[in-house]
>>> print(open('final-v1.txt').read())   # compact mmCIF, C-alpha atoms and all ligand atoms
# COMPACT_ATOMS: atom_id res chain seq x y z
CA MET A 16 109.88 28.79 92.40
CA LYS A 17 107.88 28.82 95.64
CA ALA A 18 107.24 32.07 97.48
CA MET A 19 105.10 33.23 100.38
CA ILE A 20 103.67 36.70 99.93
CA VAL A 21 101.88 38.50 102.75
CA THR A 22 99.16 40.85 101.51
CA LEU A 23 98.06 43.85 103.57
CA PRO A 24 95.10 45.29 101.63
CA GLY A 25 94.44 47.94 104.30
CA ASP A 26 91.76 50.60 103.91
CA GLY A 27 89.84 52.58 101.29
CA VAL A 28 90.85 51.57 97.78
CA GLY A 29 93.64 49.38 99.24
CA PRO A 30 91.67 46.11 99.03
CA GLU A 31 90.44 46.95 95.50
CA VAL A 32 93.90 47.50 94.03
CA THR A 33 95.56 44.71 96.03
CA ALA A 34 93.07 42.17 94.66
CA VAL A 35 94.08 43.13 91.12
CA ALA A 36 97.80 42.75 91.84
CA VAL A 37 97.18 39.33 93.40
CA ALA A 38 95.22 38.24 90.31
CA VAL A 39 98.13 39.37 88.11
CA LEU A 40 100.68 37.54 90.28
CA ASN A 41 98.52 34.40 90.18
CA ALA A 42 98.41 34.59 86.40
CA VAL A 43 102.20 34.97 86.26
CA ALA A 44 102.63 32.01 88.63
CA GLU A 45 100.49 29.83 86.39
CA GLN A 46 102.16 30.93 83.15
CA TYR A 47 105.71 30.57 84.37
CA GLY A 48 105.28 27.56 86.66
CA HIS A 49 105.72 29.23 90.06
CA GLU A 50 103.91 28.58 93.31
CA PHE A 51 102.96 31.78 95.13
CA THR A 52 101.10 31.45 98.42
CA PHE A 53 99.23 34.55 99.61
CA LYS A 54 98.48 35.19 103.27
CA GLU A 55 96.25 38.17 103.97
CA HIS A 56 96.67 40.14 107.21
CA LEU A 57 95.25 43.21 108.89
CA MET A 58 97.15 46.50 108.97
CA GLY A 59 95.97 50.09 109.31
CA GLY A 60 92.46 51.26 110.09
CA CYS A 61 90.91 47.84 109.55
CA ALA A 62 93.37 46.43 112.10
CA ILE A 63 92.47 49.17 114.61
CA ASP A 64 88.80 48.31 114.19
CA ALA A 65 89.41 44.58 114.63
CA THR A 66 92.12 44.55 117.30
CA GLY A 67 92.67 48.08 118.60
CA GLU A 68 96.18 48.15 117.09
CA PRO A 69 97.29 49.35 113.64
CA LEU A 70 100.00 46.67 113.38
CA PRO A 71 98.92 43.53 115.26
CA ALA A 72 101.69 41.17 116.37
CA ALA A 73 100.35 38.40 114.10
CA THR A 74 100.70 40.69 111.09
CA LEU A 75 104.27 41.63 111.91
CA THR A 76 105.27 38.01 112.56
CA ALA A 77 103.79 36.95 109.21
CA CYS A 78 105.57 39.77 107.37
CA LYS A 79 108.92 38.86 108.93
CA SER A 80 108.67 35.29 107.71
CA ALA A 81 107.39 36.21 104.23
CA ASP A 82 109.41 36.44 101.01
CA ALA A 83 107.69 39.75 100.25
CA VAL A 84 104.89 42.02 101.47
CA LEU A 85 102.33 43.48 99.08
CA LEU A 86 100.46 46.45 100.51
CA GLY A 87 97.44 48.46 99.33
CA ALA A 88 97.00 51.62 101.39
CA VAL A 89 95.99 52.59 104.90
CA GLY A 90 94.11 55.44 106.53
CA GLY A 91 90.95 57.40 105.95
CA PRO A 92 88.59 59.93 107.52
CA LYS A 93 87.26 57.38 110.01
CA TRP A 94 90.63 57.32 111.78
CA SER A 95 91.83 60.86 111.08
CA ASP A 96 90.74 62.69 114.23
CA PRO A 97 93.83 64.77 115.13
CA ASN A 98 93.27 63.84 118.77
CA ALA A 99 93.07 60.10 118.16
CA GLU A 100 95.40 57.99 120.31
CA VAL A 101 96.20 55.57 117.54
CA ARG A 102 96.35 56.01 113.76
CA PRO A 103 96.46 53.62 110.78
CA GLU A 104 99.63 55.31 109.47
CA GLN A 105 101.49 54.24 112.64
CA GLY A 106 101.04 50.66 111.46
CA LEU A 107 102.74 51.39 108.17
CA LEU A 108 105.60 53.29 109.79
CA GLY A 109 106.02 50.55 112.40
CA LEU A 110 106.19 47.91 109.67
CA ARG A 111 108.77 49.84 107.64
CA ALA A 112 110.92 50.27 110.75
CA ALA A 113 110.51 46.66 111.92
CA LEU A 114 111.50 45.28 108.50
CA GLY A 115 114.37 47.77 108.21
CA VAL A 116 113.37 48.84 104.71
CA TYR A 117 115.35 52.07 104.60
CA ALA A 118 115.42 52.56 100.81
CA ASN A 119 112.15 53.35 99.08
CA LEU A 120 112.47 53.15 95.29
CA ARG A 121 109.86 55.17 93.38
CA PRO A 122 110.38 55.13 89.62
CA LEU A 123 108.85 57.84 87.43
CA VAL A 124 108.38 57.26 83.71
CA VAL A 125 105.94 59.03 81.43
CA HIS A 126 104.06 56.78 79.08
CA PRO A 127 103.83 58.50 75.66
CA ALA A 128 100.10 57.71 75.39
CA LEU A 129 99.45 59.62 78.63
CA ALA A 130 101.42 62.75 77.74
CA ALA A 131 98.23 64.79 77.36
CA LEU A 132 97.31 64.02 81.00
CA SER A 133 100.50 65.59 82.30
CA PRO A 134 100.30 69.22 83.42
CA LEU A 135 103.64 69.69 81.63
CA LYS A 136 104.07 70.52 77.96
CA ALA A 137 104.97 67.57 75.74
CA ASP A 138 108.52 68.81 75.03
CA ARG A 139 109.34 68.72 78.76
CA LEU A 140 108.29 65.07 78.96
CA GLU A 141 110.79 63.70 76.48
CA ALA A 142 113.16 61.23 78.09
CA VAL A 143 111.66 61.49 81.59
CA ASP A 144 112.99 58.49 83.50
CA VAL A 145 113.71 59.23 87.15
CA LEU A 146 114.32 56.83 90.00
CA PHE A 147 113.64 58.42 93.38
CA VAL A 148 115.37 56.79 96.32
CA ARG A 149 113.57 58.02 99.40
CA GLU A 150 115.11 57.35 102.82
CA LEU A 151 112.26 55.56 104.61
CA THR A 152 113.07 54.78 108.23
CA GLY A 153 114.49 58.02 109.64
CA GLY A 154 113.97 61.76 109.85
CA ALA A 155 110.96 63.58 111.24
CA TYR A 156 108.74 60.54 110.73
CA PHE A 157 110.55 58.63 113.45
CA GLY A 158 111.91 61.29 115.81
CA ALA A 159 110.52 62.00 119.26
CA LYS A 160 107.19 63.81 119.27
CA THR A 161 105.84 66.08 121.96
CA ARG A 162 102.50 67.77 122.35
CA SER A 163 101.13 70.08 124.99
CA ALA A 164 98.12 72.36 124.85
CA ASP A 165 99.84 75.00 122.75
CA THR A 166 103.11 73.47 121.55
CA ALA A 167 104.09 70.49 119.43
CA THR A 168 107.45 69.18 118.22
CA ASP A 169 108.69 66.53 115.79
CA GLU A 170 112.36 65.79 116.15
CA CYS A 171 114.20 65.30 112.85
CA LYS A 172 117.27 63.14 113.38
CA TYR A 173 119.68 61.36 111.04
CA THR A 174 122.88 59.46 111.77
CA THR A 175 125.74 59.18 109.29
CA ALA A 176 125.11 55.42 109.14
CA GLU A 177 121.50 56.00 108.09
CA VAL A 178 122.52 58.47 105.40
CA GLU A 179 125.44 56.38 104.19
CA ARG A 180 123.47 53.18 103.58
CA VAL A 181 120.76 54.87 101.53
CA ALA A 182 123.36 56.95 99.67
CA ARG A 183 125.29 53.79 98.76
CA ARG A 184 122.09 52.17 97.52
CA ALA A 185 121.40 55.24 95.37
CA PHE A 186 124.95 55.29 93.93
CA GLU A 187 124.71 51.56 93.13
CA LEU A 188 121.39 52.10 91.37
CA ALA A 189 122.80 55.08 89.46
CA ARG A 190 125.66 52.84 88.29
CA GLY A 191 123.15 50.56 86.62
CA ARG A 192 121.45 53.51 84.92
CA ARG A 193 122.74 56.81 83.47
CA LYS A 194 125.30 57.35 86.26
CA HIS A 195 123.89 60.62 87.45
CA LEU A 196 122.83 61.16 91.06
CA THR A 197 121.04 64.19 92.48
CA SER A 198 121.03 64.47 96.28
CA VAL A 199 118.26 66.70 97.61
CA ASP A 200 118.47 68.44 100.98
CA LYS A 201 117.93 71.73 102.78
CA ALA A 202 121.57 72.20 103.82
CA ASN A 203 121.22 76.00 103.92
CA VAL A 204 118.93 75.68 106.96
CA LEU A 205 118.84 72.20 108.49
CA GLU A 206 121.66 70.58 110.46
CA THR A 207 120.40 67.12 109.42
CA SER A 208 120.77 68.24 105.81
CA ARG A 209 124.36 69.37 106.39
CA LEU A 210 125.15 65.94 107.82
CA TRP A 211 123.32 64.45 104.83
CA ARG A 212 125.30 66.49 102.31
CA SER A 213 128.72 65.84 103.80
CA THR A 214 127.99 62.12 104.13
CA VAL A 215 126.78 61.81 100.52
CA THR A 216 129.84 63.76 99.34
CA ARG A 217 132.17 61.44 101.25
CA VAL A 218 130.47 58.31 99.91
CA ALA A 219 130.73 59.71 96.36
CA ALA A 220 134.50 59.09 96.45
CA ASP A 221 133.75 55.36 96.19
CA TYR A 222 131.71 55.94 93.01
CA PRO A 223 133.91 58.06 90.75
CA ASP A 224 131.99 56.85 87.70
CA VAL A 225 128.78 58.47 89.00
CA THR A 226 128.29 62.24 88.68
CA LEU A 227 126.90 63.74 91.88
CA GLU A 228 125.02 67.02 92.18
CA HIS A 229 123.39 68.55 95.25
CA GLN A 230 120.11 70.44 95.01
CA LEU A 231 118.19 72.29 97.69
CA VAL A 232 114.68 70.89 98.06
CA ASP A 233 112.76 74.09 97.35
CA SER A 234 114.46 74.69 94.01
CA MET A 235 114.28 70.94 93.32
CA ALA A 236 110.48 71.12 93.57
CA MET A 237 110.62 73.75 90.82
CA LEU A 238 113.30 72.10 88.65
CA LEU A 239 111.46 68.78 88.69
CA LEU A 240 108.70 70.50 86.74
CA ALA A 241 110.98 72.73 84.66
CA ARG A 242 113.38 70.00 83.49
CA PRO A 243 112.27 66.52 84.62
CA GLY A 244 114.35 64.94 81.84
CA HIS A 245 117.54 66.16 83.53
CA TYR A 246 117.23 63.71 86.43
CA ASP A 247 118.37 60.10 86.65
CA VAL A 248 118.54 58.93 90.29
CA VAL A 249 117.38 61.31 93.02
CA VAL A 250 118.18 60.48 96.65
CA THR A 251 116.60 62.36 99.52
CA GLU A 252 115.39 62.18 103.09
CA ASN A 253 112.06 60.73 104.18
CA LEU A 254 109.77 63.79 104.20
CA PHE A 255 111.24 65.48 101.11
CA GLY A 256 110.95 62.18 99.23
CA ASP A 257 107.31 61.78 100.23
CA ILE A 258 106.42 65.19 98.87
CA LEU A 259 108.56 65.18 95.71
CA THR A 260 107.21 61.82 94.58
CA ASP A 261 103.55 62.87 94.72
CA GLU A 262 104.66 65.84 92.59
CA ALA A 263 106.43 63.38 90.28
CA ALA A 264 103.22 61.35 89.95
CA ALA A 265 101.43 64.40 88.59
CA ILE A 266 104.07 64.61 85.87
CA ALA A 267 103.21 61.02 84.88
CA GLY A 268 99.53 61.91 84.68
CA SER A 269 98.06 60.38 87.85
CA LEU A 270 98.95 59.52 91.41
CA GLY A 271 97.45 56.11 90.68
CA LEU A 272 100.30 55.15 88.35
CA LEU A 273 103.43 55.13 90.51
CA PRO A 274 104.70 51.96 92.21
CA SER A 275 107.25 51.58 94.96
CA ALA A 276 109.64 49.06 96.44
CA SER A 277 110.87 49.44 100.02
CA LEU A 278 114.11 47.55 100.52
CA GLY A 279 116.54 46.83 103.34
CA GLU A 280 119.64 44.66 103.51
CA GLY A 281 118.06 41.30 102.67
CA LYS A 282 115.64 40.18 99.98
CA LEU A 283 112.45 40.91 101.92
CA GLY A 284 110.71 44.06 100.72
CA ILE A 285 107.42 45.93 101.00
CA TYR A 286 105.70 46.75 97.70
CA GLU A 287 102.98 49.36 97.51
CA PRO A 288 101.65 52.06 95.22
CA ILE A 289 102.71 55.54 96.32
CA HIS A 290 99.12 56.75 96.61
CA GLY A 291 96.91 56.54 99.68
CA SER A 292 93.52 55.05 100.46
CA ALA A 293 91.73 57.56 98.18
CA PRO A 294 88.64 57.84 100.40
CA ASP A 295 86.86 59.99 97.80
CA ILE A 296 86.63 57.07 95.34
CA ALA A 297 86.82 54.05 97.69
CA GLY A 298 84.30 51.26 97.23
CA LYS A 299 83.23 52.46 93.80
CA GLY A 300 85.46 50.33 91.59
CA LEU A 301 87.09 53.47 90.18
CA ALA A 302 90.61 53.14 91.56
CA ASP A 303 93.46 52.90 89.09
CA PRO A 304 95.25 49.61 89.90
CA VAL A 305 98.32 50.36 87.74
CA GLY A 306 100.57 51.59 90.58
CA THR A 307 99.84 48.41 92.56
CA ILE A 308 100.27 46.09 89.56
CA LEU A 309 103.63 47.73 88.81
CA SER A 310 104.53 47.30 92.50
CA ALA A 311 103.87 43.57 92.06
CA ALA A 312 106.33 43.65 89.15
CA LEU A 313 108.92 45.28 91.42
CA LEU A 314 108.22 42.53 93.98
CA LEU A 315 109.09 39.88 91.41
CA ARG A 316 112.24 41.75 90.37
CA HIS A 317 113.67 42.71 93.76
CA SER A 318 112.47 40.05 96.22
CA LEU A 319 112.15 37.00 93.97
CA ASP A 320 114.73 37.73 91.23
CA LEU A 321 112.13 37.01 88.54
CA GLU A 322 113.19 39.62 86.00
CA MET A 323 111.49 38.07 82.98
CA GLU A 324 108.17 37.83 84.81
CA ALA A 325 108.49 41.42 86.10
CA ALA A 326 109.15 42.66 82.58
CA ALA A 327 106.14 40.70 81.29
CA ILE A 328 103.86 42.50 83.76
CA GLU A 329 105.34 45.88 82.82
CA ALA A 330 104.82 45.15 79.13
CA ALA A 331 101.20 44.08 79.74
CA VAL A 332 100.56 47.29 81.71
CA GLY A 333 102.32 49.37 79.05
CA GLU A 334 99.91 48.02 76.47
CA VAL A 335 96.90 48.94 78.59
CA LEU A 336 98.27 52.45 79.02
CA ALA A 337 98.72 52.68 75.25
CA GLN A 338 95.44 51.09 74.15
CA GLY A 339 93.14 51.36 77.15
CA PRO A 340 90.97 50.61 78.97
CA HIS A 341 91.66 53.60 81.22
CA THR A 342 90.21 54.42 84.62
CA ARG A 343 88.73 57.84 85.33
CA ASP A 344 91.97 59.40 86.61
CA LEU A 345 93.36 58.75 83.10
CA GLY A 346 90.33 60.27 81.40
CA GLY A 347 88.57 56.97 80.71
CA ASN A 348 85.49 55.34 82.19
CA ALA A 349 86.79 51.84 82.82
CA SER A 350 86.54 50.17 86.21
CA THR A 351 89.37 48.74 88.30
CA ARG A 352 88.24 45.28 87.17
CA ASP A 353 88.22 46.25 83.49
CA VAL A 354 91.87 47.25 83.75
CA CYS A 355 92.64 44.03 85.60
CA GLY A 356 90.99 41.98 82.86
CA ALA A 357 92.92 43.82 80.14
CA VAL A 358 96.28 43.33 81.87
CA LEU A 359 95.53 39.60 82.31
CA ALA A 360 94.52 39.30 78.65
CA ASN A 361 97.73 41.03 77.54
CA LEU A 362 99.81 38.74 79.72
CA GLN A 363 98.15 35.72 78.22
CA ARG A 364 98.57 37.00 74.68
CA ALA A 365 102.25 37.63 75.24
CA ALA A 366 102.72 34.11 76.62
CA ALA A 367 100.78 32.44 73.78
CA PRO A 368 103.71 32.06 71.31
CA VAL A 369 105.77 30.42 74.05
CA VAL A 370 103.02 27.88 74.65
CA SER A 371 102.66 27.11 70.96
CA ARG A 372 106.43 26.64 70.60
CA ALA A 373 106.29 24.18 73.47
CA GLN A 374 103.32 22.45 71.90
CA ARG A 375 105.22 22.14 68.62
CA ALA A 376 108.20 20.68 70.40
CA PHE A 377 106.24 18.10 72.37
CA GLY A 378 103.24 17.52 70.18
P1 LIG B 401 95.43 59.81 98.41
O1 LIG B 401 96.66 59.36 97.70
O2 LIG B 401 94.65 58.76 99.09
O3 LIG B 401 94.45 60.55 97.36
C1 LIG B 401 94.80 61.79 96.73
C2 LIG B 401 93.96 61.96 95.45
O4 LIG B 401 94.43 61.03 94.46
C3 LIG B 401 92.47 61.62 95.66
O5 LIG B 401 91.69 62.47 94.88
C4 LIG B 401 92.36 60.20 95.16
O6 LIG B 401 91.09 59.85 94.67
C5 LIG B 401 93.41 60.16 94.05
N1 LIG B 401 93.94 58.80 93.92
C6 LIG B 401 94.80 58.20 94.75
N2 LIG B 401 95.03 56.94 94.36
C7 LIG B 401 94.30 56.76 93.24
C8 LIG B 401 94.11 55.65 92.38
N3 LIG B 401 94.73 54.46 92.58
N4 LIG B 401 93.27 55.79 91.33
C9 LIG B 401 92.66 56.95 91.10
N5 LIG B 401 92.79 58.04 91.89
C10 LIG B 401 93.60 57.93 92.95
O7 LIG B 401 95.89 60.95 99.42
P2 LIG B 401 95.08 61.69 100.61
O8 LIG B 401 93.67 61.89 100.21
O9 LIG B 401 95.91 62.81 100.98
O10 LIG B 401 95.13 60.64 101.82
C11 LIG B 401 94.07 59.77 102.16
C12 LIG B 401 94.52 58.77 103.22
O11 LIG B 401 95.49 57.89 102.68
C13 LIG B 401 95.17 59.43 104.44
O12 LIG B 401 94.68 58.79 105.58
C14 LIG B 401 96.65 59.14 104.25
O13 LIG B 401 97.36 59.05 105.45
C15 LIG B 401 96.60 57.82 103.57
N6 LIG B 401 97.80 57.49 102.77
C16 LIG B 401 98.25 56.21 102.87
C17 LIG B 401 99.32 55.81 102.09
C18 LIG B 401 99.80 54.41 102.22
O14 LIG B 401 99.13 53.58 102.80
N7 LIG B 401 100.97 54.08 101.71
C19 LIG B 401 99.93 56.72 101.21
C20 LIG B 401 99.43 58.02 101.14
C21 LIG B 401 98.36 58.40 101.92
C1 LIG B 402 103.45 57.22 101.55
C2 LIG B 402 102.45 57.74 102.53
C3 LIG B 402 102.93 57.50 103.94
C4 LIG B 402 104.22 58.29 104.12
C5 LIG B 402 101.95 57.82 105.09
C6 LIG B 402 100.63 57.16 104.89
C7 LIG B 402 102.53 57.44 106.41
O1 LIG B 402 102.16 59.09 102.30
O2 LIG B 402 103.75 56.01 101.58
O3 LIG B 402 103.93 57.98 100.71
O4 LIG B 402 104.17 59.50 104.38
O5 LIG B 402 105.29 57.68 104.02
MN MN B 403 103.05 59.85 100.46
>>> encode(input="final-v1.txt", output="structure tokens")
Amino acid sequence: MKAMIVTLPGDGVGPEVTAVAVAVLNAVAEQYGHEFTFKEHLMGGCAIDATGEPLPAATLTACKSADAVLLGAVGGPKWSDPNAEVRPEQGLLGLRAALGVYANLRPLVVHPALAALSPLKADRLEAVDVLFVRELTGGAYFGAKTRSADTATDECKYTTAEVERVARRAFELARGRRKHLTSVDKANVLETSRLWRSTVTRVAADYPDVTLEHQLVDSMAMLLLARPGHYDVVVTENLFGDILTDEAAAIAGSLGLLPSASLGEGKLGIYEPIHGSAPDIAGKGLADPVGTILSAALLLRHSLDLEMEAAAIEAAVGEVLAQGPHTRDLGGNASTRDVCGAVLANLQRAAAPVVSRAQRAFG
């Protein structure tokens, strides 16, 4: 198939990990006979430096006409002055809103070979397989903001329509998994959470085959560590989802491992690792590219319907996690490029029997 993918490498380690994911997608295209065209655009701090804006119009136009968007990370100390007029992160938020990608899927699995890297004891890690569905275009991230000399506010607003669509997505996803949905809120304090809880409860009537439980976010932060194996699909609002998924990444062993898919109503999605621009290791070739490579697999699965190819990437990554090479965050001393090379080699090895079968048939 033919597909146009916009890449937004961004800042810090963003370009380093994006380059690896593009190399992996190119290898998949060649092996499976697809034609992927990549168009690179500016977003984030690099876009501010070049154009004064974090999300230039040309970038947004390109993303809107793409089949999928692959993103590295944005931000960094250079643009982090709390008094700055414009910030890289505004570009990312603007893009998510403009593309209407309200459901951010963040899967957590623990690879057995990495169990020792988890802060949790091995027995807690058995059967950990959680899919977080983070609401991505509402809440405090997008409410009105005010600032005076001694006061600041961030409005947190949700409509029933916003809650309902992400809840339905989470119920649908739970249906395809273990049919257990945990909705996380702060309904004992926040009015938005009470609207959230009653909306999710109402929607649940349409999914009688899915078991629904509600959990307050503070105890959820604890329970996620105490019994991560209990959870199947977890749906929550924007800010809670941001925080809980970085916590989830620690369970897996590194923030560098977790991918994400941001989806709306159509096929177009944004795919990015959940980590940031990692300024402390940027430019050194130390970044773990696994979260971005796995995001490329999600891109194939959700935007292009290429399930076999997505699974091939996941298998190739799984082998690297099992056998190495490992970057420093995983206790190894391999570079970003070493991991890239190993994933490409695994992909090729896995495809080899297919090629030889074809050769036998035609030769
Ligand atoms: P961060 O995720 O960039 O880094 C946190 C820690 O995790 C650092 O020690 C970093 O080295 C490590 N880390 C992150 N990704 C890694 C990888 N792939 N391999 C190995 N180690 C990795 O979070 P931060 O330091 O709080 O934020 C830095 C900047 O990134 C901020 O400007 C923030 O706004 C931005 N950010 C952007 C995104 C995004 O673009 N989607 C996401 C999160 C943070
Ligand atoms: C993420 C990031 C972003 C968020 C920032 C950079 C705006 O932390 O994708 O998790 O908070 O959504
Ligand atoms: Mn985050």
>>> residues_near_ligand(input="final-v1.txt", ligand="ligand LIG 402 (chain B)", cutoff="9 Å", atoms="all atoms listed in the file", output="PyMOL selection string")
chain A and resi 88-90+103-108+151+156+253-254+256-258+260-261+275+287-292
>>> closest_residue(input="final-v1.txt", among="A:Pro274, A:Pro243, A:Gly27, A:Gly356", to="A:Asp295", atoms="only C-alpha atoms")
A:Gly27
>>> residues_around(input="final-v1.txt", residues="A:Arg352", least_positions_apart="3", cutoff="9 Å", atoms="all atoms listed in the file", output="VMD selection string")
chain A and resid 31 35 300 to 301 304 349 355 to 357
>>> atom_distance(input="final-v1.txt", atom1="atom CA of A:Glu150", atom2="atom CA of A:Phe255")
9.2 Å
>>> atom_distance(input="final-v1.txt", atom1="atom CA of A:Arg149", atom2="atom CA of A:Ile296")
27.3 Å
>>> residues_around(input="final-v1.txt", residues="A:Trp94", least_positions_apart="2", cutoff="12 Å", atoms="only C-alpha atoms", output="count of residues only")
27
>>> residues_around(input="final-v1.txt", residues="stretch 19-23 of chain A", least_positions_apart="5", cutoff="7 Å", atoms="all atoms listed in the file", output="PDB file with C-alpha atoms, in the frame of the given file")
ATOM      1  CA  PHE A  51     102.960  31.780  95.130  1.00  0.00           C
ATOM      2  CA  THR A  52     101.100  31.450  98.420  1.00  0.00           C
ATOM      3  CA  PHE A  53      99.230  34.550  99.610  1.00  0.00           C
ATOM      4  CA  LYS A  54      98.480  35.190 103.270  1.00  0.00           C
ATOM      5  CA  GLU A  55      96.250  38.170 103.970  1.00  0.00           C
ATOM      6  CA  HIS A  56      96.670  40.140 107.210  1.00  0.00           C
ATOM      7  CA  LEU A  57      95.250  43.210 108.890  1.00  0.00           C
ATOM      8  CA  MET A  58      97.150  46.500 108.970  1.00  0.00           C
ATOM      9  CA  ALA A  77     103.790  36.950 109.210  1.00  0.00           C
ATOM     10  CA  CYS A  78     105.570  39.770 107.370  1.00  0.00           C
ATOM     11  CA  ALA A  81     107.390  36.210 104.230  1.00  0.00           C
ATOM     12  CA  ASP A  82     109.410  36.440 101.010  1.00  0.00           C
ATOM     13  CA  ALA A  83     107.690  39.750 100.250  1.00  0.00           C
ATOM     14  CA  VAL A  84     104.890  42.020 101.470  1.00  0.00           C
ATOM     15  CA  LEU A  85     102.330  43.480  99.080  1.00  0.00           C
ATOM     16  CA  LEU A  86     100.460  46.450 100.510  1.00  0.00           C
ATOM     17  CA  GLY A  87      97.440  48.460  99.330  1.00  0.00           C
TER      18      GLY A  87
END
>>> closest_residue(input="final-v1.txt", among="A:Tyr173, A:Thr226, A:Ala293, A:Ala34", to="ligand MN 403 (chain B)", atoms="only C-alpha atoms and all ligand atoms")
A:Ala293
>>> atom_distance(input="final-v1.txt", atom1="atom CA of A:Leu309", atom2="atom P2 of ligand LIG 401 (chain B)")
20.2 Å
